[in-house]
>>> print(open('query_22.tsv').read())   # TSV, C-alpha atoms and all ligand atoms
chain	number	residue	atom	x	y	z
L	68	MET	CA	171.95	40.09	-44.03
L	69	SER	CA	168.57	41.09	-42.62
L	70	GLY	CA	169.46	39.49	-39.29
L	71	ARG	CA	172.26	42.00	-38.88
L	72	LEU	CA	170.20	44.88	-40.12
L	73	LEU	CA	169.81	47.75	-37.75
L	74	LEU	CA	167.30	50.46	-38.38
L	75	ALA	CA	168.01	53.75	-36.69
L	76	VAL	CA	164.93	55.77	-35.98
L	77	ILE	CA	165.03	59.33	-34.82
L	78	ALA	CA	163.47	59.62	-31.39
L	79	SER	CA	160.85	62.31	-30.95
L	80	SER	CA	163.14	64.04	-28.44
L	81	CYS	CA	165.52	64.80	-31.29
L	82	VAL	CA	162.94	66.44	-33.56
L	83	ALA	CA	163.81	69.90	-32.30
L	84	ALA	CA	167.41	69.06	-31.63
L	85	VAL	CA	168.94	69.84	-35.00
L	86	ALA	CA	171.95	71.21	-33.16
L	87	CYS	CA	172.66	67.97	-31.30
L	88	SER	CA	176.18	67.98	-32.73
L	89	GLU	CA	177.37	71.56	-32.29
L	90	PRO	CA	181.13	71.41	-32.70
L	91	GLY	CA	183.17	72.83	-29.83
L	92	ALA	CA	185.78	75.51	-30.39
L	93	PRO	CA	188.88	73.79	-31.77
L	94	THR	CA	192.35	74.40	-30.47
L	95	PRO	CA	194.18	75.68	-33.54
L	96	PRO	CA	197.29	73.67	-34.40
L	97	ALA	CA	200.47	75.62	-35.10
L	98	PRO	CA	200.58	76.89	-38.71
L	99	ASP	CA	203.38	74.61	-39.91
L	100	SER	CA	202.21	71.51	-38.01
L	101	GLY	CA	200.51	69.98	-41.04
L	102	GLN	CA	203.76	69.90	-42.98
L	103	ARG	CA	205.71	68.48	-40.05
L	104	ILE	CA	203.11	65.79	-39.30
L	105	ALA	CA	202.50	64.72	-42.92
L	106	PRO	CA	205.44	62.24	-43.11
L	107	TYR	CA	204.14	60.46	-39.99
L	108	VAL	CA	200.64	60.18	-41.46
L	109	ASN	CA	202.24	58.76	-44.55
L	110	GLY	CA	204.00	56.20	-42.37
L	111	LEU	CA	200.74	55.27	-40.61
L	112	ARG	CA	199.34	54.22	-43.98
L	113	GLY	CA	201.65	51.22	-43.76
L	114	LEU	CA	199.95	50.11	-40.54
L	115	VAL	CA	196.36	49.96	-41.82
L	116	ASP	CA	194.34	47.93	-44.31
L	117	PRO	CA	195.31	48.82	-47.93
L	118	ARG	CA	191.78	50.07	-48.66
L	119	ALA	CA	191.99	52.39	-45.66
L	120	ALA	CA	195.48	53.48	-46.72
L	121	SER	CA	194.23	54.49	-50.14
L	122	ALA	CA	191.17	56.25	-48.67
L	123	LEU	CA	193.55	58.30	-46.49
L	124	GLU	CA	195.16	59.70	-49.62
L	125	ARG	CA	191.82	61.22	-50.54
L	126	VAL	CA	191.19	62.84	-47.16
L	127	ASP	CA	191.84	66.59	-47.07
L	128	GLY	CA	194.33	67.87	-44.54
L	129	VAL	CA	196.51	66.24	-41.93
L	130	GLY	CA	193.99	66.71	-39.10
L	131	ARG	CA	191.21	64.86	-40.91
L	132	GLN	CA	193.72	62.20	-41.97
L	133	LEU	CA	194.79	61.66	-38.34
L	134	LEU	CA	191.15	61.39	-37.27
L	135	ALA	CA	190.38	58.83	-39.98
L	136	ALA	CA	193.64	56.94	-39.29
L	137	ARG	CA	192.63	56.69	-35.62
L	138	SER	CA	189.39	54.94	-36.65
L	139	TYR	CA	191.20	52.65	-39.07
L	140	LEU	CA	193.76	51.67	-36.43
L	141	ARG	CA	191.03	51.00	-33.89
L	142	ALA	CA	189.03	48.92	-36.38
L	143	SER	CA	192.18	46.84	-36.88
L	144	THR	CA	191.60	43.55	-38.69
L	145	GLY	CA	187.82	43.93	-38.35
L	146	ILE	CA	188.03	46.53	-41.10
L	147	GLY	CA	187.63	43.84	-43.77
L	148	ASP	CA	184.10	42.97	-42.66
L	149	ARG	CA	183.07	46.57	-42.18
L	150	TRP	CA	184.54	48.19	-45.31
L	151	SER	CA	182.01	49.87	-47.59
L	152	TRP	CA	180.79	48.04	-50.64
L	153	THR	CA	182.50	48.56	-53.98
L	154	LYS	CA	180.50	49.83	-56.96
L	155	LYS	CA	180.15	46.22	-58.08
L	156	GLN	CA	178.79	45.14	-54.69
L	157	ILE	CA	176.37	48.09	-54.66
L	158	SER	CA	175.08	47.10	-58.12
L	159	ALA	CA	174.65	43.51	-56.93
L	160	PHE	CA	172.54	44.74	-54.00
L	161	GLU	CA	170.24	46.73	-56.27
L	162	GLY	CA	167.26	44.60	-57.20
L	163	SER	CA	168.36	41.77	-54.89
L	164	ALA	CA	166.16	39.90	-52.42
L	165	ASP	CA	168.13	41.58	-49.61
L	166	GLN	CA	167.21	45.01	-50.96
L	167	GLN	CA	163.58	43.94	-51.29
L	168	ALA	CA	163.57	42.75	-47.66
L	169	LEU	CA	165.09	46.04	-46.53
L	170	LEU	CA	162.49	48.10	-48.41
L	171	GLU	CA	159.73	46.04	-46.83
L	172	GLN	CA	161.21	46.63	-43.39
L	173	ILE	CA	161.46	50.37	-44.04
L	174	GLY	CA	157.82	50.35	-45.14
L	175	ALA	CA	156.80	48.56	-41.94
L	176	VAL	CA	158.70	51.05	-39.75
L	177	ARG	CA	157.15	53.96	-41.63
L	178	SER	CA	153.63	52.56	-41.26
L	179	ALA	CA	154.10	51.98	-37.54
L	180	PHE	CA	155.46	55.52	-37.15
L	181	GLU	CA	152.55	57.04	-39.07
L	182	ARG	CA	150.04	55.12	-36.97
L	183	SER	CA	151.49	56.43	-33.71
L	184	ASN	CA	152.20	59.98	-35.01
L	185	PRO	CA	149.14	61.01	-37.02
L	186	GLY	CA	149.96	63.56	-39.71
L	187	TYR	CA	153.70	62.85	-39.67
L	188	THR	CA	155.71	60.58	-41.88
L	189	LEU	CA	159.30	59.49	-42.40
L	190	PHE	CA	161.65	60.26	-45.25
L	191	VAL	CA	164.31	57.64	-45.84
L	192	ASN	CA	167.33	57.69	-48.11
L	193	GLU	CA	167.23	54.19	-49.50
L	194	ARG	CA	170.58	54.36	-51.31
L	195	VAL	CA	173.82	52.78	-50.19
L	196	ARG	CA	176.31	55.46	-49.13
L	197	SER	CA	179.36	54.81	-51.28
L	198	LEU	CA	182.96	55.37	-50.20
L	199	ASP	CA	183.14	58.39	-52.56
L	200	GLU	CA	180.13	59.93	-50.87
L	201	GLN	CA	181.54	59.22	-47.40
L	202	LEU	CA	184.86	60.85	-48.39
L	203	SER	CA	183.18	63.94	-49.68
L	204	ASN	CA	181.04	64.23	-46.53
L	205	TRP	CA	184.11	63.71	-44.31
L	206	ASN	CA	186.01	66.45	-46.13
L	207	ARG	CA	183.35	69.07	-45.53
L	208	ASN	CA	181.70	68.16	-42.21
L	209	ASP	CA	182.06	70.79	-39.45
L	210	SER	CA	182.23	68.36	-36.53
L	211	VAL	CA	184.99	66.45	-38.35
L	212	ALA	CA	186.87	69.71	-39.00
L	213	SER	CA	186.74	70.69	-35.31
L	214	ALA	CA	187.74	67.26	-34.01
L	215	ALA	CA	190.49	67.12	-36.66
L	216	ALA	CA	191.96	70.46	-35.57
L	217	ASN	CA	192.01	69.32	-31.95
L	218	LEU	CA	193.59	65.98	-32.80
L	219	GLU	CA	196.22	67.67	-34.97
L	220	ALA	CA	197.13	69.99	-32.09
L	221	ALA	CA	197.37	67.06	-29.66
L	222	THR	CA	199.48	65.07	-32.15
L	223	GLN	CA	201.81	68.00	-32.62
L	224	GLU	CA	202.29	68.17	-28.86
L	225	PHE	CA	202.93	64.40	-28.71
L	226	LEU	CA	205.54	64.54	-31.48
L	227	ALA	CA	207.17	67.65	-30.01
L	228	LYS	CA	207.59	65.80	-26.68
L	229	THR	CA	209.33	62.94	-28.45
L	230	GLY	CA	211.56	65.42	-30.31
L	231	TRP	CA	210.18	64.84	-33.84
L	232	PRO	CA	212.24	61.68	-34.55
L	233	ALA	CA	212.44	60.40	-38.13
L	234	PRO	CA	209.19	58.51	-38.87
L	235	GLY	CA	210.56	55.00	-38.33
L	236	GLU	CA	208.73	51.97	-36.99
L	237	GLN	CA	209.12	52.75	-33.30
L	238	ILE	CA	207.68	56.26	-33.37
L	239	LEU	CA	204.93	55.18	-35.79
L	240	ARG	CA	203.86	52.41	-33.38
L	241	GLY	CA	203.95	54.96	-30.57
L	242	LEU	CA	201.90	57.44	-32.59
L	243	ALA	CA	199.40	54.72	-33.52
L	244	ALA	CA	198.93	53.84	-29.84
L	245	PHE	CA	198.61	57.52	-28.98
L	246	LEU	CA	195.92	58.09	-31.63
L	247	GLN	CA	193.95	55.00	-30.63
L	248	ALA	CA	193.83	56.23	-27.04
L	249	GLN	CA	192.47	59.66	-28.02
L	250	THR	CA	188.80	60.57	-27.62
L	251	PRO	CA	187.86	63.01	-30.39
L	252	GLU	CA	186.41	66.30	-29.19
L	253	PRO	CA	183.81	67.15	-30.35
L	254	LYS	CA	182.54	63.72	-31.26
L	255	PRO	CA	182.37	63.56	-35.07
L	256	THR	CA	178.86	63.04	-36.42
L	257	LEU	CA	180.21	60.78	-39.20
L	258	ALA	CA	182.01	57.46	-39.23
L	259	ALA	CA	185.44	57.54	-40.93
L	260	PRO	CA	185.21	57.09	-44.73
L	261	GLY	CA	184.72	53.42	-45.56
L	262	LEU	CA	183.42	52.52	-42.09
L	263	SER	CA	179.89	53.94	-42.21
L	264	ALA	CA	177.20	51.35	-41.53
L	265	HIS	CA	175.44	52.95	-44.51
L	266	GLY	CA	178.23	51.61	-46.72
L	267	GLN	CA	176.84	48.08	-46.42
L	268	MET	CA	173.24	49.09	-45.78
L	269	HIS	CA	173.41	48.06	-42.14
L	270	ALA	CA	171.75	51.35	-41.25
L	271	VAL	CA	169.28	53.74	-42.83
L	272	ASP	CA	168.43	57.21	-41.54
L	273	PHE	CA	164.84	58.23	-40.97
L	274	HIS	CA	163.90	61.89	-41.13
L	275	VAL	CA	160.64	63.07	-39.63
L	276	LEU	CA	158.49	65.03	-42.05
L	277	SER	CA	155.99	67.62	-40.91
L	278	PRO	CA	152.31	67.22	-41.70
L	279	ASN	CA	151.49	67.88	-45.35
L	280	ALA	CA	155.13	68.33	-46.34
L	281	SER	CA	156.20	66.68	-49.53
L	282	ARG	CA	158.93	64.10	-49.27
L	283	ALA	CA	161.52	66.47	-50.66
L	284	PRO	CA	164.42	66.60	-48.19
L	285	SER	CA	164.47	70.40	-48.48
L	286	GLN	CA	161.07	70.50	-46.81
L	287	ARG	CA	161.74	68.12	-44.00
L	288	LEU	CA	160.96	69.28	-40.52
L	289	SER	CA	164.05	67.92	-38.91
L	290	ALA	CA	167.09	66.94	-40.85
L	291	ILE	CA	169.43	65.25	-38.47
L	292	GLY	CA	172.95	64.29	-39.38
L	293	HIS	CA	173.62	60.78	-38.25
L	294	GLY	CA	175.85	60.16	-35.28
L	295	PRO	CA	178.52	57.50	-35.53
L	296	GLU	CA	176.32	54.53	-36.21
L	297	ARG	CA	177.78	52.39	-33.49
L	298	ASN	CA	176.96	55.04	-30.94
L	299	ALA	CA	173.61	56.24	-32.22
L	300	ALA	CA	172.14	56.68	-28.75
L	301	ALA	CA	174.50	59.56	-28.07
L	302	HIS	CA	172.69	61.44	-30.78
L	303	GLY	CA	169.18	60.97	-29.50
L	304	ILE	CA	168.59	58.27	-32.04
L	305	GLN	CA	167.02	55.01	-31.01
L	306	SER	CA	168.19	51.83	-32.60
L	307	LEU	CA	165.35	49.48	-33.22
L	308	SER	CA	165.33	46.00	-34.55
L	309	ALA	CA	163.41	46.03	-37.77
L	310	PRO	CA	160.09	44.25	-37.74
L	311	ARG	CA	160.43	40.87	-39.39
H	401	ZN	ZN	173.22	57.28	-40.51
>>> encode(input="query_22.tsv", output="structure tokens")
Amino acid sequence: MSGRLLLAVIASSCVAAVACSEPGAPTPPAPDSGQRIAPYVNGLRGLVDPRAASALERVDGVGRQLLAARSYLRASTGIGDRWSWTKKQISAFEGSADQQALLEQIGAVRSAFERSNPGYTLFVNERVRSLDEQLSNWNRNDSVASAAANLEAATQEFLAKTGWPAPGEQILRGLAAFLQAQTPEPKPTLAAPGLSAHGQMHAVDFHVLSPNASRAPSQRLSAIGHGPERNAAAHGIQSLSAPR
């Protein structure tokens, strides 16, 4: 696993850039659009991996569901390799040689950072981010809410153009293709629930701590929400290979 490990380190340019993910103003969907779109979202569940389908049931609101479904559709069959660890898999990781190797790598990155930034250190959350945690983050994240509202409005327009046909296979395939072609605006700062690289410990977030601060997250100098892990550069985050 360590060969595939990617450590994301916050670049110094992002220290003052806490607002690197300001959500844009969403286009509000029509008030009844959620109800009208819901049967189609339900139909999309039949087109994705069963784990993704059941995660969708726990996503709040049609807009957020559409946004997550878009990611699941795009991940396609690759979803199996990427899906977040179960509780059993997380327990198996704890205390394993893989975990030990990861902790050593984190220690090496922190030491190198401290050497080149005297007085500063790095706070790292060393826990696996479970599916439950990803769902709860997804359901309350502002950038997700804004992108979800925009995607819901666009979906409503798409379905209105097709005349709101009954959610049979043809329109569902059309909707799936439509969603996959959409670029969320603003770009969500989280991966869809189940698809975070933190769910299999392929990524850890480093937070820069000011001189003399304790390691309590509440006292960190810059707390930066992670960008979608596969596009970390867009967030001012450098991806570094961990020292071996
Ligand atoms: Zn992250």
>>> residues_around(input="query_22.tsv", residues="range 185-198 of chain L", least_positions_apart="3", cutoff="7 Å", atoms="only C-alpha atoms", output="PyMOL selection string")
chain L and resi 151-152+157+177+180-182+201-202+260-261+265-268+271-278+282
>>> residues_around(input="query_22.tsv", residues="Asn109 in chain L", least_positions_apart="6", cutoff="10 Å", atoms="all atoms listed in the file", output="PyMOL selection string")
chain L and resi 120+123-124+129+132+234+239
>>> axis_aligned_box(input="query_22.tsv", around="range 127-133 of chain L", padding_each_side="8 Å", output="JSON")
{"center_x": 193.9, "center_y": 64.8, "center_z": -42.7, "size_x": 21.3, "size_y": 22.2, "size_z": 24.7}
>>> atom_distance(input="query_22.tsv", atom1="CA of Ala159 in chain L", atom2="CA of Ile146 in chain L")
20.9 Å
>>> atom_distance(input="query_22.tsv", atom1="CA of Gln249 in chain L", atom2="CA of Lys228 in chain L")
16.4 Å
>>> atom_distance(input="query_22.tsv", atom1="CA of Leu257 in chain L", atom2="CA of Gly128 in chain L")
16.7 Å
>>> residues_around(input="query_22.tsv", residues="Ala221 in chain L", least_positions_apart="3", cutoff="12 Å", atoms="all atoms listed in the file", output="list in words")
Pro93, Thr94, Pro95, Pro96, Ala97, Ser100, Ile104, Gly130, Leu133, Leu134, Ala214, Ala215, Ala216, Asn217, Leu218, Glu224, Phe225, Leu226, Ala227, Lys228, Leu242, Phe245, Leu246, Ala248, Gln249, Thr250, Pro251 and Glu252 of chain L
>>> closest_residue(input="query_22.tsv", among="L:Gln156, L:Gln167, L:Thr256, L:Gln237", to="Leu114 in chain L", atoms="only C-alpha atoms")
L:Gln237
>>> closest_residue(input="query_22.tsv", among="L:Ala142, L:Leu262, L:Ala243, L:Ala175", to="Gly113 in chain L", atoms="only C-alpha atoms")
L:Ala243
>>> closest_residue(input="query_22.tsv", among="L:Gln166, L:Ser263, L:Thr222, L:Asn184", to="ligand ZN 401 (chain H)", atoms="only C-alpha atoms and all ligand atoms")
L:Ser263
>>> closest_residue(input="query_22.tsv", among="L:Val115, L:Ile238, L:Lys254, L:Gly145", to="Asp209 in chain L", atoms="only C-alpha atoms")
L:Lys254
